[in-house]
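**Q** First the structure, which I've put down as structure tokens, then a few questions once you've had a look.
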Amino acid sequence: MGPLTDPARAGTATNTLTSQTTVSTACNVSGSTLSFGGAINPIGTVPVDATSTLTIECTAATPYTVALNAGLNAGGAANFSTRRMINGANTLGYQLYVDSGRASVWGNGTAGSVVYSGNGTGGVQSVTIYGRLPSLTGTVPGTYTDTVTVTVTY
């Protein structure tokens, strides 16, 4: 047989390959200012309630907790009963709650406080912070502020 008459040789070979990746858990959090209003009349208007929203995004099926410290002006990160905003040397007590009935103080789980618990969906979730000014007695007019640290643990 010559080169033109040789039968063509054909065949197949198979094997496998694997694909792999690791998706890590992750969370992001952002928030807006909790504003009790710009012009509160301190006579006969208590309590004053307000809300703010945290935006939390955690990977799907990731359990997480959200803790709040007591703020810069409470005299300690876990002094939840003495949360206060300041204006110079003047102070104004306030409180943050995890529930709309304002019964459970939102903190870090110590000193009688609770944390918020959730489960990630892979999308954005909104969590409401409920605030209250319980009293304005003796409050000096002015702008009062505090900074609270939000910690998401997952």
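Residues are named by chain letter and number: chains run A, B, ... in the order of the structure tokens, numbers start at 1 in each chain, and ligands are numbered from 1 in the order shown.
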Write out as a VMD selection string all residues of stretch 11-50 of chain A that backbone DSSP assigns to strand (DSSP E).
**A** chain A and resid 27 to 31 48 to 50
**Q** Hey, can you spit out that residue selection with N, CA, C and O atoms as a CSV table (one decimal), in the first residue's frame?
**A**
```csv
chain,number,residue,atom,x,y,z
A,27,CYS,N,-18.9,41.3,55.0
A,27,CYS,CA,-20.0,42.2,55.3
A,27,CYS,C,-19.5,43.6,55.1
A,27,CYS,O,-18.3,43.9,55.4
A,28,ASN,N,-20.4,44.5,54.7
A,28,ASN,CA,-20.2,45.9,54.7
A,28,ASN,C,-21.3,46.6,55.4
A,28,ASN,O,-22.4,46.1,55.4
A,29,VAL,N,-21.0,47.7,56.1
A,29,VAL,CA,-22.0,48.5,56.8
A,29,VAL,C,-21.8,50.0,56.6
A,29,VAL,O,-20.7,50.4,56.5
A,30,SER,N,-22.9,50.7,56.5
A,30,SER,CA,-22.9,52.1,56.4
A,30,SER,C,-24.1,52.7,57.1
A,30,SER,O,-25.1,51.9,57.3
A,31,GLY,N,-24.1,53.9,57.5
A,31,GLY,CA,-25.2,54.4,58.3
A,31,GLY,C,-25.4,55.9,58.0
A,31,GLY,O,-24.6,56.6,57.3
A,48,VAL,N,-38.6,62.8,72.9
A,48,VAL,CA,-38.4,63.0,71.4
A,48,VAL,C,-37.8,61.8,70.8
A,48,VAL,O,-36.8,61.3,71.2
A,49,ASP,N,-38.5,61.2,69.8
A,49,ASP,CA,-38.1,60.0,69.2
A,49,ASP,C,-37.6,60.3,67.8
A,49,ASP,O,-38.1,61.2,67.1
A,50,ALA,N,-36.6,59.5,67.3
A,50,ALA,CA,-36.1,59.6,65.9
A,50,ALA,C,-35.6,58.2,65.5
A,50,ALA,O,-35.4,57.3,66.4
```
**Q** Let me make sure I understand: among A:Ile56, A:Val140, A:Val114, A:Ala8, which one has the smallest atom-to-atom distance to A:Thr91 if we use only C-alpha atoms?
**A**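 Distance minimum relative to A:Thr91 lands on A:Val140.
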**Q** Show me, as a VMD selection string, the residues that have an atom within 9 Å of A:Ser126 when counting only C-alpha atoms, minus same-chain residues fewer than 5 positions from it.
**A** chain A and resid 53 to 57
**Q** Give me the residues within 9 Å of stretch 66-81 of chain A as a PyMOL selection string, counting only C-alpha atoms and dropping any in the same chain fewer than 3 places off.
**A** chain A and resi 84-86+91+93-96+105-118+146-153
**Q** Check the smallest atom-to-atom distance from each of A:Tyr154, A:Tyr64, A:Tyr144, A:Tyr97 to A:Thr128 using only C-alpha atoms, then report the winner.
**A** A:Tyr97
